[in-house]
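Heads up, data-v3.txt below (compact mmCIF, C-alpha atoms and all ligand atoms):
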```txt
# COMPACT_ATOMS: atom_id res chain seq x y z
CA MET A 15 -15.83 7.51 13.42
CA LYS A 16 -18.21 5.63 15.74
CA ASN A 17 -18.73 3.01 13.01
CA MET A 18 -15.00 2.63 12.65
CA PHE A 19 -14.58 1.88 16.36
CA LEU A 20 -17.44 -0.64 16.21
CA PHE A 21 -15.71 -2.27 13.24
CA ILE A 22 -12.38 -2.39 15.11
CA GLU A 23 -14.13 -3.91 18.13
CA ASP A 24 -15.72 -6.56 15.89
CA CYS A 25 -12.40 -7.37 14.25
CA SER A 26 -10.61 -7.54 17.62
CA LYS A 27 -13.18 -10.08 18.83
CA THR A 28 -12.65 -12.17 15.69
CA PHE A 29 -8.87 -12.15 16.12
CA GLU A 30 -9.28 -12.95 19.83
CA LEU A 31 -11.34 -16.01 18.90
CA LEU A 32 -8.82 -17.06 16.27
CA LEU A 33 -5.98 -16.77 18.72
CA GLU A 34 -7.77 -18.46 21.59
CA LYS A 35 -9.98 -21.12 20.09
CA ASP A 36 -9.61 -21.83 16.43
CA ILE A 37 -5.98 -22.83 16.37
CA SER A 38 -4.26 -25.69 18.18
CA VAL A 39 -2.23 -25.06 21.35
CA SER A 40 1.16 -25.54 19.64
CA ARG A 41 0.13 -23.20 16.81
CA GLN A 42 -1.04 -20.63 19.39
CA GLN A 43 2.35 -20.73 21.06
CA GLU A 44 4.06 -20.33 17.70
CA VAL A 45 1.88 -17.30 16.84
CA ARG A 46 2.43 -15.77 20.29
CA SER A 47 6.18 -16.21 20.15
CA PHE A 48 6.34 -14.76 16.64
CA PHE A 49 4.37 -11.65 17.51
CA THR A 50 6.11 -11.20 20.86
CA ARG A 51 9.49 -11.27 19.14
CA PHE A 52 8.28 -9.02 16.33
CA THR A 53 6.67 -6.53 18.70
CA MET A 54 9.67 -6.35 21.00
CA ASP A 55 12.04 -5.91 18.04
CA GLY A 56 9.78 -3.19 16.64
CA ILE A 57 9.48 -1.38 19.95
CA GLY A 58 13.22 -1.66 20.54
CA THR A 59 13.90 -0.05 17.19
CA MET A 60 11.35 2.69 17.78
CA SER A 61 12.70 3.61 21.20
CA ASN A 62 16.25 3.74 19.84
CA LEU A 63 15.22 5.97 16.95
CA LYS A 64 13.29 8.36 19.14
CA SER A 65 15.77 8.65 21.99
CA ASP A 66 19.16 7.68 20.56
CA GLY A 67 18.91 4.54 22.67
CA LYS A 68 19.03 6.52 25.96
CA ASP A 69 15.52 5.68 27.18
CA LYS A 70 14.27 2.17 27.74
CA VAL A 71 10.62 1.51 26.94
CA LYS A 72 8.95 -1.22 29.00
CA ILE A 73 5.78 -2.67 27.67
CA ASP A 74 3.73 -5.71 28.68
CA VAL A 75 3.12 -8.09 25.85
CA ASP A 76 -0.37 -9.26 26.75
CA ASP A 77 -3.19 -10.69 24.64
CA SER A 78 -4.54 -7.24 23.76
CA LEU A 79 -1.18 -6.16 22.37
CA LEU A 80 -0.90 -9.33 20.30
CA ILE A 81 -4.46 -8.97 19.01
CA ALA A 82 -3.72 -5.34 18.10
CA GLN A 83 -0.69 -6.50 16.08
CA CYS A 84 -2.81 -9.07 14.22
CA PHE A 85 -5.45 -6.44 13.56
CA ILE A 86 -3.05 -3.79 12.25
CA PHE A 87 -1.38 -6.29 9.92
CA PHE A 88 -4.76 -7.31 8.58
CA ALA A 89 -6.13 -3.75 8.32
CA ALA A 90 -2.93 -2.23 6.89
CA GLY A 91 -2.20 -5.13 4.59
CA PHE A 92 -5.53 -6.08 3.03
CA GLU A 93 -7.52 -3.02 1.97
CA THR A 94 -4.41 -1.10 0.87
CA SER A 95 -3.25 -3.74 -1.62
CA ALA A 96 -6.80 -4.53 -2.81
CA THR A 97 -7.47 -0.81 -3.44
CA THR A 98 -4.21 -0.45 -5.38
CA ALA A 99 -4.93 -3.51 -7.54
CA SER A 100 -8.45 -2.21 -8.29
CA PHE A 101 -7.25 1.26 -9.31
CA LEU A 102 -4.51 -0.30 -11.43
CA LEU A 103 -7.03 -2.46 -13.30
CA TYR A 104 -9.26 0.59 -13.70
CA GLU A 105 -6.43 2.57 -15.32
CA LEU A 106 -5.49 -0.35 -17.57
CA ALA A 107 -9.16 -0.69 -18.59
CA LYS A 108 -9.01 2.91 -19.80
CA ASP A 109 -5.62 2.46 -21.46
CA GLN A 110 -5.87 -0.70 -23.57
CA LYS A 111 -2.45 -0.08 -25.15
CA SER A 112 -0.72 -0.25 -21.77
CA GLN A 113 -2.87 -3.23 -20.81
CA GLU A 114 -1.74 -5.12 -23.92
CA ARG A 115 1.89 -4.18 -23.29
CA ALA A 116 1.65 -5.41 -19.68
CA ARG A 117 -0.03 -8.65 -20.83
CA GLN A 118 2.68 -9.30 -23.41
CA GLU A 119 5.36 -8.73 -20.76
CA ILE A 120 3.55 -11.17 -18.44
CA ARG A 121 3.20 -13.82 -21.15
CA ASP A 122 6.87 -13.61 -22.14
CA TRP A 123 7.91 -13.80 -18.50
CA LEU A 124 5.62 -16.77 -17.72
CA HIS A 125 6.96 -18.51 -20.80
CA LYS A 126 10.54 -18.10 -19.47
CA ARG A 127 9.39 -19.31 -16.03
CA ASP A 128 7.59 -22.44 -17.36
CA GLY A 129 4.22 -20.90 -16.55
CA ARG A 130 5.00 -20.67 -12.81
CA LEU A 131 4.23 -17.57 -10.78
CA VAL A 132 7.30 -17.01 -8.57
CA TYR A 133 8.54 -14.26 -6.22
CA GLU A 134 10.73 -12.73 -8.97
CA CYS A 135 7.57 -11.25 -10.54
CA VAL A 136 8.36 -8.27 -8.28
CA THR A 137 11.59 -7.45 -10.10
CA GLU A 138 11.26 -9.06 -13.53
CA LEU A 139 8.16 -7.27 -14.86
CA PRO A 140 9.40 -3.69 -15.20
CA PHE A 141 6.48 -2.30 -17.21
CA LEU A 142 3.87 -3.75 -14.85
CA GLU A 143 5.83 -2.28 -11.95
CA GLN A 144 5.82 1.13 -13.66
CA CYS A 145 2.03 0.83 -13.99
CA MET A 146 1.78 0.08 -10.26
CA ASP A 147 4.05 3.02 -9.33
CA GLU A 148 1.98 5.35 -11.51
CA THR A 149 -1.27 4.02 -10.00
CA LEU A 150 0.08 4.70 -6.51
CA ARG A 151 0.91 8.24 -7.64
CA LEU A 152 -2.63 8.87 -8.89
CA TYR A 153 -4.29 7.04 -6.00
CA PRO A 154 -2.04 7.02 -2.93
CA VAL A 155 -3.85 4.83 -0.40
CA LEU A 156 -3.15 7.35 2.36
CA GLY A 157 -3.67 10.83 0.89
CA VAL A 158 -2.24 12.47 4.01
CA ILE A 159 0.49 11.26 6.35
CA THR A 160 0.84 12.69 9.85
CA ARG A 161 3.95 13.24 11.95
CA GLU A 162 4.44 14.70 15.42
CA VAL A 163 7.46 16.95 15.93
CA SER A 164 9.69 15.26 18.54
CA ASP A 165 12.22 18.12 18.89
CA SER A 166 11.56 21.77 18.11
CA TYR A 167 13.28 22.75 14.86
CA ARG A 168 13.96 25.86 12.78
CA PHE A 169 14.24 25.51 8.99
CA ALA A 170 16.78 27.50 6.94
CA ASP A 171 13.99 29.86 5.73
CA GLY A 172 13.10 30.74 9.33
CA LEU A 173 10.01 28.54 9.73
CA SER A 174 9.89 27.00 13.23
CA VAL A 175 8.03 23.91 14.32
CA GLU A 176 7.54 23.31 18.03
CA ARG A 177 7.80 19.99 19.82
CA GLY A 178 4.40 18.26 19.93
CA LEU A 179 3.07 19.97 16.79
CA ARG A 180 1.24 17.66 14.38
CA VAL A 181 2.29 18.07 10.76
CA HIS A 182 0.04 16.72 8.00
CA LEU A 183 1.93 15.90 4.81
CA PRO A 184 -0.32 16.34 1.73
CA VAL A 185 0.73 13.26 -0.23
CA PHE A 186 -2.19 13.35 -2.68
CA HIS A 187 -1.62 17.03 -3.39
CA LEU A 188 2.12 16.48 -4.01
CA HIS A 189 1.42 13.52 -6.32
CA ARG A 190 -1.03 15.58 -8.40
CA ASN A 191 0.98 18.81 -8.41
CA PRO A 192 1.83 19.83 -12.03
CA LYS A 193 5.06 21.39 -10.75
CA TYR A 194 6.37 17.91 -9.96
CA PHE A 195 4.32 15.76 -12.35
CA PRO A 196 3.35 17.49 -15.63
CA GLU A 197 -0.20 16.65 -16.71
CA PRO A 198 -0.72 15.20 -13.27
CA ASP A 199 -4.12 13.59 -13.89
CA ALA A 200 -2.86 11.52 -16.83
CA PHE A 201 -1.87 7.86 -16.33
CA ARG A 202 1.65 7.72 -17.72
CA PRO A 203 3.63 4.65 -16.57
CA GLU A 204 6.72 5.96 -18.42
CA ARG A 205 7.24 8.55 -15.66
CA PHE A 206 8.70 5.62 -13.69
CA ALA A 207 10.79 4.17 -16.53
CA PRO A 208 14.51 3.86 -15.59
CA GLU A 209 15.45 6.78 -17.89
CA ASN A 210 12.84 9.13 -16.27
CA LYS A 211 12.58 7.96 -12.68
CA HIS A 212 15.58 9.98 -11.51
CA ASN A 213 13.75 13.21 -12.50
CA ILE A 214 11.27 12.71 -9.67
CA HIS A 215 11.99 15.29 -6.99
CA PRO A 216 12.77 13.66 -3.60
CA TYR A 217 9.81 13.58 -1.18
CA THR A 218 7.25 14.49 -3.84
CA TYR A 219 6.33 10.83 -4.32
CA MET A 220 5.69 8.80 -1.18
CA PRO A 221 2.86 6.28 -1.49
CA PHE A 222 4.43 4.14 1.25
CA GLY A 223 5.51 7.08 3.44
CA GLU A 224 9.13 7.97 4.13
CA GLY A 225 11.71 7.69 6.90
CA PRO A 226 11.92 5.25 9.79
CA ARG A 227 8.11 4.77 9.95
CA LEU A 228 7.79 3.92 6.28
CA CYS A 229 5.30 1.14 5.46
CA ILE A 230 6.64 -2.07 6.94
CA GLY A 231 4.75 -4.15 4.36
CA MET A 232 5.96 -2.37 1.19
CA ARG A 233 7.72 -5.35 -0.38
CA PHE A 234 4.97 -7.73 0.58
CA ALA A 235 2.38 -5.31 -0.85
CA LYS A 236 4.25 -5.05 -4.15
CA MET A 237 4.48 -8.82 -4.34
CA GLN A 238 0.78 -9.45 -3.74
CA VAL A 239 -0.39 -6.71 -6.12
CA MET A 240 1.97 -7.90 -8.89
CA ALA A 241 1.04 -11.56 -8.34
CA GLY A 242 -2.66 -10.68 -8.49
CA LEU A 243 -2.20 -8.67 -11.68
CA VAL A 244 -0.21 -11.47 -13.37
CA THR A 245 -2.97 -13.95 -12.52
CA ILE A 246 -5.75 -11.72 -13.86
CA LEU A 247 -4.13 -10.18 -16.93
CA LYS A 248 -2.81 -13.44 -18.34
CA LYS A 249 -6.41 -14.69 -18.59
CA TYR A 250 -8.69 -11.70 -18.90
CA ARG A 251 -9.13 -8.51 -20.86
CA VAL A 252 -10.39 -5.80 -18.52
CA GLU A 253 -12.71 -3.04 -19.70
CA LEU A 254 -14.75 -0.32 -18.01
CA ALA A 255 -18.28 -1.43 -17.17
CA GLU A 256 -21.15 0.58 -18.56
CA ASN A 257 -21.69 3.81 -16.59
CA MET A 258 -18.27 3.61 -14.95
CA PRO A 259 -16.91 7.18 -15.20
CA ARG A 260 -13.48 7.85 -16.72
CA THR A 261 -12.63 10.20 -13.84
CA ILE A 262 -12.94 9.03 -10.26
CA GLU A 263 -14.78 11.07 -7.69
CA PHE A 264 -13.39 10.28 -4.27
CA GLU A 265 -15.32 9.22 -1.20
CA PRO A 266 -14.77 12.18 1.17
CA LYS A 267 -15.45 10.24 4.39
CA SER A 268 -13.09 7.38 3.71
CA ILE A 269 -9.72 7.13 5.51
CA VAL A 270 -8.15 5.31 2.58
CA THR A 271 -8.48 6.74 -0.94
CA SER A 272 -11.62 5.19 -2.39
CA SER A 273 -13.98 5.74 -5.27
CA LYS A 274 -17.47 7.15 -4.67
CA HIS A 275 -18.86 4.97 -7.48
CA GLY A 276 -16.92 1.81 -6.61
CA ILE A 277 -14.82 0.38 -9.44
CA LYS A 278 -16.90 -1.52 -11.94
CA LEU A 279 -15.08 -3.47 -14.62
CA ASN A 280 -15.90 -6.16 -17.14
CA PHE A 281 -13.62 -9.19 -17.35
CA THR A 282 -13.62 -11.14 -20.60
CA ALA A 283 -11.81 -14.47 -20.71
CA LEU A 284 -9.23 -14.19 -23.50
CA GLU A 285 -9.84 -17.73 -24.83
CA GLU A 286 -13.44 -16.77 -25.53
CA ARG A 287 -12.25 -14.14 -27.95
CA GLY A 288 -9.68 -16.49 -29.42
CA VAL A 289 -6.78 -14.27 -28.25
C1 LIG B 1 -0.20 -1.04 -1.70
C2 LIG B 1 -0.22 -1.39 -0.44
C3 LIG B 1 0.20 -0.52 0.72
C4 LIG B 1 0.32 0.84 0.79
C5 LIG B 1 0.09 1.88 -0.31
C6 LIG B 1 0.73 1.15 2.15
C7 LIG B 1 0.98 2.43 2.61
C8 LIG B 1 1.38 2.72 3.90
C9 LIG B 1 1.64 4.06 4.38
C10 LIG B 1 1.52 5.35 3.57
C11 LIG B 1 1.98 3.95 5.69
C12 LIG B 1 2.35 5.12 6.63
C13 LIG B 1 3.85 5.35 6.49
C14 LIG B 1 4.32 6.63 7.12
O1 LIG B 1 3.67 7.13 8.06
O2 LIG B 1 5.38 7.16 6.66
C15 LIG B 1 1.94 2.54 6.04
C16 LIG B 1 2.26 2.04 7.29
C17 LIG B 1 2.18 0.71 7.63
N1 LIG B 1 1.90 -0.34 6.77
FE1 LIG B 1 1.47 -0.19 4.81
N2 LIG B 1 0.85 -0.01 2.86
C18 LIG B 1 0.53 -1.06 2.03
C19 LIG B 1 0.55 -2.40 2.35
C20 LIG B 1 0.88 -2.92 3.58
C21 LIG B 1 0.97 -4.33 3.89
C22 LIG B 1 0.74 -5.46 2.88
C23 LIG B 1 1.27 -4.44 5.22
C24 LIG B 1 1.47 -5.65 6.09
C25 LIG B 1 1.32 -6.88 5.74
C26 LIG B 1 1.39 -3.09 5.73
C27 LIG B 1 1.70 -2.78 7.04
C28 LIG B 1 1.91 -1.51 7.51
C29 LIG B 1 2.20 -1.20 8.91
C30 LIG B 1 2.30 -2.21 10.07
C31 LIG B 1 2.39 0.18 8.97
C32 LIG B 1 2.74 1.02 10.22
C33 LIG B 1 4.26 1.15 10.25
C34 LIG B 1 4.74 2.01 11.40
O3 LIG B 1 3.99 2.84 11.91
O4 LIG B 1 5.91 1.86 11.77
N3 LIG B 1 1.16 -2.20 4.70
N4 LIG B 1 1.58 1.83 4.94
```
Could you render the structure as structure tokens?
Ligand code: HEM
Amino acid sequence: MKNMFLFIEDCSKTFELLLEKDISVSRQQEVRSFFTRFTMDGIGTMSNLKSDGKDKVKIDVDDSLLIAQCFIFFAAGFETSATTASFLLYELAKDQKSQERARQEIRDWLHKRDGRLVYECVTELPFLEQCMDETLRLYPVLGVITREVSDSYRFADGLSVERGLRVHLPVFHLHRNPKYFPEPDAFRPERFAPENKHNIHPYTYMPFGEGPRLCIGMRFAKMQVMAGLVTILKKYRVELAENMPRTIEFEPKSIVTSSKHGIKLNFTALEERGV
């Protein structure tokens, strides 16, 4: 924990320098006005959701708040997507048939798009998207999501939760529960195929969270992971490196789901093999 705070302090200093020194004055003003608007919109929405718009939240938008926004966007947006892309490549390295199917889909799509990588990769590569959804099931970046009860509530079965209670939602456990996902440890992209997707029980699959505090960067994340995968798979065959286990052991101290052994893969340029 101490290391994490030192890391946050380091990052804050870096963002402070970026904001203060490394960008021109007009750019600084642009960045400030963007984050001020974004923060105020966000806070406005949050206060409305929590209090039905009755309470007004007043908050000073100072440098620390702006730096915190930069930091959270960087922290929440970088490691999460990189981890997902790594686990996805790891699963495709183990499942060459799915890798070849994804590559063929990418090649056909690039052919239709004159070789250009465009935003539509998010919606026009259904099999690759299924592979990403299945990867996020096996390796949800946040294995547990926490909520605080804002109003005491009694469920139909009699269970009561009091205001202020912290509830930890076991996302990883739900994703790997055989009751909801048969053979839960197997990588099966077809679970997310259009004809099967509707069988997924609501709230048993939530890699981006759920409700009003759902991941704000979900679409952006999908775009950058898909774009990265298109760029890699069109050129390289990915295989497990020697000694890379076929089952991941997780790093128990990590906040985000991460592998104890790292993820070691071999990339072979396809031209070299004459593919
Ligand atoms: C594969 C990539 C990503 C995954 C799996 C992921 C997952 C999550 C999850 C599980 C949460 C908590 C949601 C909840 O409590 O219900 C969250 C929150 C958040 N994410 Fe992401 N995320 C990803 C990428 C990104 C990106 C790219 C950004 C920004 C550029 C981002 C920004 C945020 C922010 C700001 C929050 C806090 C939202 C709030 O509290 O209202 N995330 N994310």
What are the closest atom pairs, with distances in Å to one decimal, for all residues of chain A lying within 7 Å of ligand LIG 1 (chain B)? Consider only C-alpha atoms and all ligand atoms, order rows by chain and residue number, and present the result as a tab-separated table.
```
residue	atom	partner	partner_atom	distance
A:Ile86	CA	B:LIG1	C30	6.0
A:Phe87	CA	B:LIG1	C24	4.8
A:Phe88	CA	B:LIG1	C25	6.7
A:Ala90	CA	B:LIG1	C26	4.6
A:Gly91	CA	B:LIG1	C21	3.3
A:Phe92	CA	B:LIG1	C22	6.3
A:Thr94	CA	B:LIG1	C2	4.4
A:Ser95	CA	B:LIG1	C2	4.0
A:Thr98	CA	B:LIG1	C1	5.5
A:Leu150	CA	B:LIG1	C5	6.8
A:Pro154	CA	B:LIG1	C5	6.1
A:Val155	CA	B:LIG1	C5	4.9
A:Leu156	CA	B:LIG1	C10	5.2
A:Ile159	CA	B:LIG1	O1	5.5
A:Thr160	CA	B:LIG1	O1	6.5
A:Pro221	CA	B:LIG1	C10	5.3
A:Phe222	CA	B:LIG1	C10	3.9
A:Gly223	CA	B:LIG1	O2	3.2
A:Glu224	CA	B:LIG1	O2	4.6
A:Gly225	CA	B:LIG1	O2	6.4
A:Arg227	CA	B:LIG1	O4	4.1
A:Leu228	CA	B:LIG1	O2	4.1
A:Cys229	CA	B:LIG1	C16	3.7
A:Ile230	CA	B:LIG1	C28	4.8
A:Gly231	CA	B:LIG1	C23	3.6
A:Met232	CA	B:LIG1	C19	5.5
A:Phe234	CA	B:LIG1	C22	5.3
A:Ala235	CA	B:LIG1	C22	4.1
A:Lys236	CA	B:LIG1	C1	6.5
```
- Atom-to-atom span, CA of Ala116 in chain A and CA of Ala89 in chain A, Å: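 Value for the CA of Ala116 in chain A-CA of Ala89 in chain A distance: 29.1 Å.
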Padding of 4 Å on every side, edges along x, y and z, all listed atoms of range 110-117 of chain A included: what centre and edge lengths in Å, to one decimal, does that box have, as JSON?
```
{"center_x": -2.0, "center_y": -4.4, "center_z": -22.4, "size_x": 15.8, "size_y": 16.6, "size_z": 13.5}
```
- Message: With only C-alpha atoms as the counted atoms, please give the residues lying no more than 10 Å from range 191-201 of chain A, apart from itself and same-chain residues fewer than 5 positions off, as a list of chain:residue names.
- Response: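 Neighbouring residues, sequence-local ones excluded: A:Leu102, A:Glu105, A:Leu106, A:Lys108, A:Asp109, A:Ser112, A:Cys145, A:Glu148, A:Thr149, A:Arg151, A:Leu152, A:Val185, A:Phe186, A:Asn213, A:Ile214, A:His215, A:Pro216, A:Thr218, A:Tyr219, A:Thr261.
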- Note on the structure: Restricting to all atoms listed in the file, whichever of A:Ala107, A:Val132, A:Leu179, A:Val239 is closest to Phe281 in chain A is A:Ala107
- Compile the contact shell of Glu204 in chain A as a list in words: residues with an atom at most 9 Å away, counting all atoms listed in the file, same-chain residues fewer than 3 positions apart removed.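 Answer for this query is Phe141, Gln144, Cys145, Glu148, Ala207, Pro208, Glu209, Asn210 and Lys211 of chain A.
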Requested write-out: C-alpha atoms of the selected residues, as an mmCIF file, in the coordinates of the input:
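Now in result14.cif:
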```cif
data_model
loop_
_atom_site.group_PDB
_atom_site.id
_atom_site.type_symbol
_atom_site.label_atom_id
_atom_site.label_comp_id
_atom_site.auth_asym_id
_atom_site.auth_seq_id
_atom_site.Cartn_x
_atom_site.Cartn_y
_atom_site.Cartn_z
ATOM 1 C CA PHE A 141 6.480 -2.300 -17.210
ATOM 2 C CA GLN A 144 5.820 1.130 -13.660
ATOM 3 C CA CYS A 145 2.030 0.830 -13.990
ATOM 4 C CA GLU A 148 1.980 5.350 -11.510
ATOM 5 C CA ALA A 207 10.790 4.170 -16.530
ATOM 6 C CA PRO A 208 14.510 3.860 -15.590
ATOM 7 C CA GLU A 209 15.450 6.780 -17.890
ATOM 8 C CA ASN A 210 12.840 9.130 -16.270
ATOM 9 C CA LYS A 211 12.580 7.960 -12.680
#
```
- Task: Around the point (-18.9, 0.7, -8.5), in the coordinates given by the file, pick out the residues reaching within 10 Å, counting only C-alpha atoms, and return them as number ranges by chain.
- Result: A: 255, 257-259, 273-279
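Across the model, the gap from CA of Arg251 in chain A to CA of Ile120 in chain A is 13.2 Å.
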- Fewer than 3 positions away in the same chain doesn't count, so skip those; otherwise give me all residues within 12 Å of Asp165 in chain A, counting all atoms listed in the file, as a list in words.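 Those residues are Lys64, Ser65, Arg161, Glu162, Arg168, Ser174, Val175, Glu176, Arg177, Gly178, Leu179 and Arg180 of chain A.
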- Task: Take CA of Arg205 in chain A and CA of Gln113 in chain A and report the distance between them in Å, one decimal.
- Result: 16.4 Å
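Considering the residues A:Leu188, A:Ser78, A:Asp171, A:Cys135 and counting all atoms listed in the file, Tyr217 in chain A has its shortest atom-to-atom contact with A:Leu188.
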- Item | Pick from A:Val181, A:Asp74, A:Asn280, A:Trp123 nearest to Val252 in chain A, counting all atoms listed in the file |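 Closest candidate: A:Asn280.
The residue that comes closest to Ile262 in chain A, out of A:Ala96, A:Val244, A:Val75, A:Phe101 and on the basis of only C-alpha atoms, is A:Phe101.
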Generate N, CA and C atoms for range 115-132 of chain A and emit them as an mmCIF file, in the coordinates of the input.
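Dumped everything to part-v4.cif:
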```cif
data_model
loop_
_atom_site.group_PDB
_atom_site.id
_atom_site.type_symbol
_atom_site.label_atom_id
_atom_site.label_comp_id
_atom_site.auth_asym_id
_atom_site.auth_seq_id
_atom_site.Cartn_x
_atom_site.Cartn_y
_atom_site.Cartn_z
ATOM 1 N N ARG A 115 0.434 -4.122 -23.502
ATOM 2 C CA ARG A 115 1.890 -4.180 -23.290
ATOM 3 C C ARG A 115 2.213 -4.962 -22.004
ATOM 4 N N ALA A 116 1.426 -4.708 -20.954
ATOM 5 C CA ALA A 116 1.650 -5.410 -19.680
ATOM 6 C C ALA A 116 1.386 -6.916 -19.870
ATOM 7 N N ARG A 117 0.317 -7.234 -20.622
ATOM 8 C CA ARG A 117 -0.030 -8.650 -20.830
ATOM 9 C C ARG A 117 1.077 -9.369 -21.605
ATOM 10 N N GLN A 118 1.620 -8.679 -22.614
ATOM 11 C CA GLN A 118 2.680 -9.300 -23.410
ATOM 12 C C GLN A 118 3.915 -9.555 -22.546
ATOM 13 N N GLU A 119 4.211 -8.572 -21.674
ATOM 14 C CA GLU A 119 5.360 -8.730 -20.760
ATOM 15 C C GLU A 119 5.120 -9.937 -19.840
ATOM 16 N N ILE A 120 3.892 -10.058 -19.345
ATOM 17 C CA ILE A 120 3.550 -11.170 -18.440
ATOM 18 C C ILE A 120 3.678 -12.506 -19.173
ATOM 19 N N ARG A 121 3.154 -12.556 -20.391
ATOM 20 C CA ARG A 121 3.200 -13.820 -21.150
ATOM 21 C C ARG A 121 4.636 -14.243 -21.430
ATOM 22 N N ASP A 122 5.455 -13.286 -21.848
ATOM 23 C CA ASP A 122 6.870 -13.610 -22.140
ATOM 24 C C ASP A 122 7.561 -14.113 -20.883
ATOM 25 N N TRP A 123 7.256 -13.438 -19.774
ATOM 26 C CA TRP A 123 7.910 -13.800 -18.500
ATOM 27 C C TRP A 123 7.461 -15.193 -18.049
ATOM 28 N N LEU A 124 6.132 -15.445 -18.137
ATOM 29 C CA LEU A 124 5.620 -16.770 -17.720
ATOM 30 C C LEU A 124 6.206 -17.869 -18.599
ATOM 31 N N HIS A 125 6.385 -17.547 -19.866
ATOM 32 C CA HIS A 125 6.960 -18.510 -20.800
ATOM 33 C C HIS A 125 8.373 -18.892 -20.326
ATOM 34 N N LYS A 126 9.156 -17.852 -19.936
ATOM 35 C CA LYS A 126 10.540 -18.100 -19.470
ATOM 36 C C LYS A 126 10.535 -18.876 -18.160
ATOM 37 N N ARG A 127 9.475 -18.697 -17.369
ATOM 38 C CA ARG A 127 9.390 -19.310 -16.030
ATOM 39 C C ARG A 127 8.552 -20.582 -16.048
ATOM 40 N N ASP A 128 8.396 -21.208 -17.208
ATOM 41 C CA ASP A 128 7.590 -22.440 -17.360
ATOM 42 C C ASP A 128 6.177 -22.292 -16.809
ATOM 43 N N GLY A 129 5.607 -21.127 -16.957
ATOM 44 C CA GLY A 129 4.220 -20.900 -16.550
ATOM 45 C C GLY A 129 4.031 -20.747 -15.044
ATOM 46 N N ARG A 130 5.137 -20.731 -14.276
ATOM 47 C CA ARG A 130 5.000 -20.670 -12.810
ATOM 48 C C ARG A 130 5.099 -19.220 -12.316
ATOM 49 N N LEU A 131 4.196 -18.896 -11.397
ATOM 50 C CA LEU A 131 4.230 -17.570 -10.780
ATOM 51 C C LEU A 131 5.184 -17.644 -9.584
ATOM 52 N N VAL A 132 6.310 -16.947 -9.652
ATOM 53 C CA VAL A 132 7.300 -17.010 -8.570
ATOM 54 C C VAL A 132 7.593 -15.594 -8.052
#
```
